[in-house]
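For reference, the structure discussed in these notes is given below.
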Amino acid sequence: MKLSVIYALFSRKKFREALSYINAAHGDLSPEVTIKSRYYQVLCLIQIKDYPLALEILDLVISSNLNLPYLYQCRMLKAYIYTELEQNELAKDEFKHLLAAGYESSKIYAALGHVEFVLGFEKEAEECLIKSLAIDVHNPTALNSYAYLLAERDSKRSLKMIQEAVKSSPQNPVYLDTLGVVYMHLGLETHARKVLSLAYRLYPHPTIKDHLSMLRKEEKA
C-alpha cells in the first residue's frame, strides 16, 4: 500500500474509498506505516462521523511507542471528537494533558477556553483565551470565543474582536452567530437579524435558532 494513494483519496474527499483501501492493506504494512495510515483512517472516520471507531484507533496510535509528529495531532483530534460529542470534561483532560506535556500553543489554549466556557468556568475560560491571544493575537477561534464571552460585559470591545474573526472567515456560521449576539447587546437589531439569518442558513444549529428567537422577543418588547 502507498500512503500517497491515501493522501490522494482524502484530498478528493473520497473518505469511504480511503477507508476501504486502508482496511484492505493493513496486514502488509510495517509498524510505522501502519500508524501513519491509522492517522489518516481517523481523519476519514471523523469526516463520516464514526466517532467511536475513531476514538478506538486514536488510542492505538497514542499508546504506540513511535516518536511521530502525529501523536500531538492525535491528542488534538481526540479532544475535538470529545467536544463534538459534548463530552467536555474528557476534552478538557486531553487539552490539559497536552499542556502538561509542554505543547503550549494558541490553538490549544483557544480550544481549552471554549471547553471551560461550555462547562461554566468563565474565569478559567477567559484566562485561557488571554493566553491564546498572547501567543497569536489574530487567532480567529480565540477571538470568536472571547468576543462571545465579553458580549454582554464589554460589547464594544467584543465587536472589534468578532469583526476581525469574521473578516478572516466571512462565511463561518459560528463567527456570524457571535457577531449577531454582539449586535443584539449593542441594540443593533437590524444588523443582528441579518447576520443571524445568514448564520442559520449556513448552519441550522439549535443555538443559532435560539439566538434568533431571543432577537424576535427583544424586537417585540
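Starting from 1 in every chain, residues are counted up; chains themselves are A, B, ... following the order of the C-alpha cells, and ligands are numbered from 1 as listed.
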Query raised in the report: Got a sec: who's within 9 Å of Arg38 in chain A, counting only C-alpha atoms, leaving out chain neighbours fewer than 5 positions off, as a PyMOL selection string?
Result: chain A and resi 22+33+43+57-58+60-61
Report task. Could you please write out, as a ChimeraX atom specification, every residue of range 151-217 of chain A that DSSP assigns to helix (DSSP H, G or I)? Result -> /A:155-168,173-185,189-202,206-217
Query - Pick from A:Ala101, A:Ile130, A:Ile46, A:Val182, whichever lies nearest to Ser155 in chain A using only C-alpha atoms - result: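 Closest to Ser155 in chain A of all the choices is A:Val182.
If you count only C-alpha atoms and ignore residues fewer than 3 places along the chain from range 202-205 of chain A, what sits within 10 Å of it is Gln171, Asn172, Pro173, Val174, Leu176, Asp177, Leu196, Ser197, Leu198, Ala199, Ile208, Lys209 and Asp210 of chain A.
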Generate a file of the selected residues that holds N, CA and C atoms, formatted as a PDB file, in the first residue's frame.
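The resulting out.pdb:
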ATOM      1  N   GLN A 171     -17.805  33.463   5.839  1.00  0.00           N
ATOM      2  CA  GLN A 171     -18.931  32.533   5.759  1.00  0.00           C
ATOM      3  C   GLN A 171     -18.953  31.533   6.916  1.00  0.00           C
ATOM      4  N   ASN A 172     -18.192  31.795   7.954  1.00  0.00           N
ATOM      5  CA  ASN A 172     -18.175  30.886   9.102  1.00  0.00           C
ATOM      6  C   ASN A 172     -19.419  31.152   9.958  1.00  0.00           C
ATOM      7  N   PRO A 173     -20.349  30.199  10.031  1.00  0.00           N
ATOM      8  CA  PRO A 173     -21.612  30.456  10.741  1.00  0.00           C
ATOM      9  C   PRO A 173     -21.440  30.661  12.240  1.00  0.00           C
ATOM     10  N   VAL A 174     -20.420  30.043  12.825  1.00  0.00           N
ATOM     11  CA  VAL A 174     -20.184  30.215  14.260  1.00  0.00           C
ATOM     12  C   VAL A 174     -19.763  31.654  14.549  1.00  0.00           C
ATOM     13  N   LEU A 176     -20.384  34.254  12.616  1.00  0.00           N
ATOM     14  CA  LEU A 176     -21.535  35.116  12.312  1.00  0.00           C
ATOM     15  C   LEU A 176     -22.551  35.093  13.455  1.00  0.00           C
ATOM     16  N   ASP A 177     -22.732  33.935  14.060  1.00  0.00           N
ATOM     17  CA  ASP A 177     -23.638  33.827  15.196  1.00  0.00           C
ATOM     18  C   ASP A 177     -23.176  34.728  16.331  1.00  0.00           C
ATOM     19  N   LEU A 196     -27.535  36.793  11.829  1.00  0.00           N
ATOM     20  CA  LEU A 196     -28.038  35.556  12.428  1.00  0.00           C
ATOM     21  C   LEU A 196     -28.824  34.733  11.416  1.00  0.00           C
ATOM     22  N   SER A 197     -29.568  35.405  10.545  1.00  0.00           N
ATOM     23  CA  SER A 197     -30.312  34.687   9.498  1.00  0.00           C
ATOM     24  C   SER A 197     -29.351  34.011   8.533  1.00  0.00           C
ATOM     25  N   LEU A 198     -28.284  34.706   8.187  1.00  0.00           N
ATOM     26  CA  LEU A 198     -27.276  34.113   7.312  1.00  0.00           C
ATOM     27  C   LEU A 198     -26.600  32.934   8.001  1.00  0.00           C
ATOM     28  N   ALA A 199     -26.259  33.097   9.270  1.00  0.00           N
ATOM     29  CA  ALA A 199     -25.618  32.013  10.020  1.00  0.00           C
ATOM     30  C   ALA A 199     -26.504  30.771  10.044  1.00  0.00           C
ATOM     31  N   ILE A 208     -28.087  28.730  17.173  1.00  0.00           N
ATOM     32  CA  ILE A 208     -28.350  29.902  16.330  1.00  0.00           C
ATOM     33  C   ILE A 208     -29.844  30.180  16.289  1.00  0.00           C
ATOM     34  N   LYS A 209     -30.639  29.125  16.224  1.00  0.00           N
ATOM     35  CA  LYS A 209     -32.096  29.281  16.244  1.00  0.00           C
ATOM     36  C   LYS A 209     -32.549  29.950  17.547  1.00  0.00           C
ATOM     37  N   ASP A 210     -31.941  29.573  18.653  1.00  0.00           N
ATOM     38  CA  ASP A 210     -32.275  30.186  19.940  1.00  0.00           C
ATOM     39  C   ASP A 210     -31.949  31.676  19.939  1.00  0.00           C
TER      40      ASP A 210
END
Query - Pick from A:His97, A:Lys156, A:Lys167, A:Lys13 nearest to Asn139 in chain A, counting only C-alpha atoms - result: A:Lys167
Report task. List the neighbours of Leu19 in chain A out to 12 Å using only C-alpha atoms; skip same-chain residues closer than 3 positions along the sequence, and give me the result as JSON, numbers by chain. Result -> {"A": [5, 6, 7, 9, 10, 13, 14, 15, 16, 22, 23, 24, 25, 26, 37, 38, 39, 40, 41, 42, 43, 44, 45, 46, 47, 48, 50, 53, 54]}
Query raised in the report: Counting only C-alpha atoms, which of A:Leu143, A:Ala192, A:Lys92, A:Arg153 gets nearest to Glu124 in chain A?
Result: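 So, comparing all the options, the nearest one is A:Lys92.
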Report task. Within 12 Å of Ser64 in chain A, counting only C-alpha atoms, which residues show up once you throw out same-chain ones fewer than 6 positions away? Write them as a list in words, please. Result ->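 Counting only C-alpha atoms, the residues come to Pro31, Glu32, Thr34, Ile35, Lys36, Arg38, Ile57, Leu58, Tyr70, Leu71 and Cys74 of chain A.
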Requested in this report: Choose the residue, out of A:Leu186, A:Gly180, A:Glu56, A:Lys131, that has the smallest atom-to-atom separation from Asp154 in chain A; count only C-alpha atoms.
Outcome: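 Counting only C-alpha atoms, the residue closest to Asp154 in chain A is A:Leu186.
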**Report entry** Residue with smallest distance to Tyr200 in chain A - pool A:Pro52, A:Tyr183, A:Gln163, A:Thr178, counting only C-alpha atoms
**Finding:**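 Looking only at the distances to Tyr200 in chain A, the closest residue turns out to be A:Thr178.
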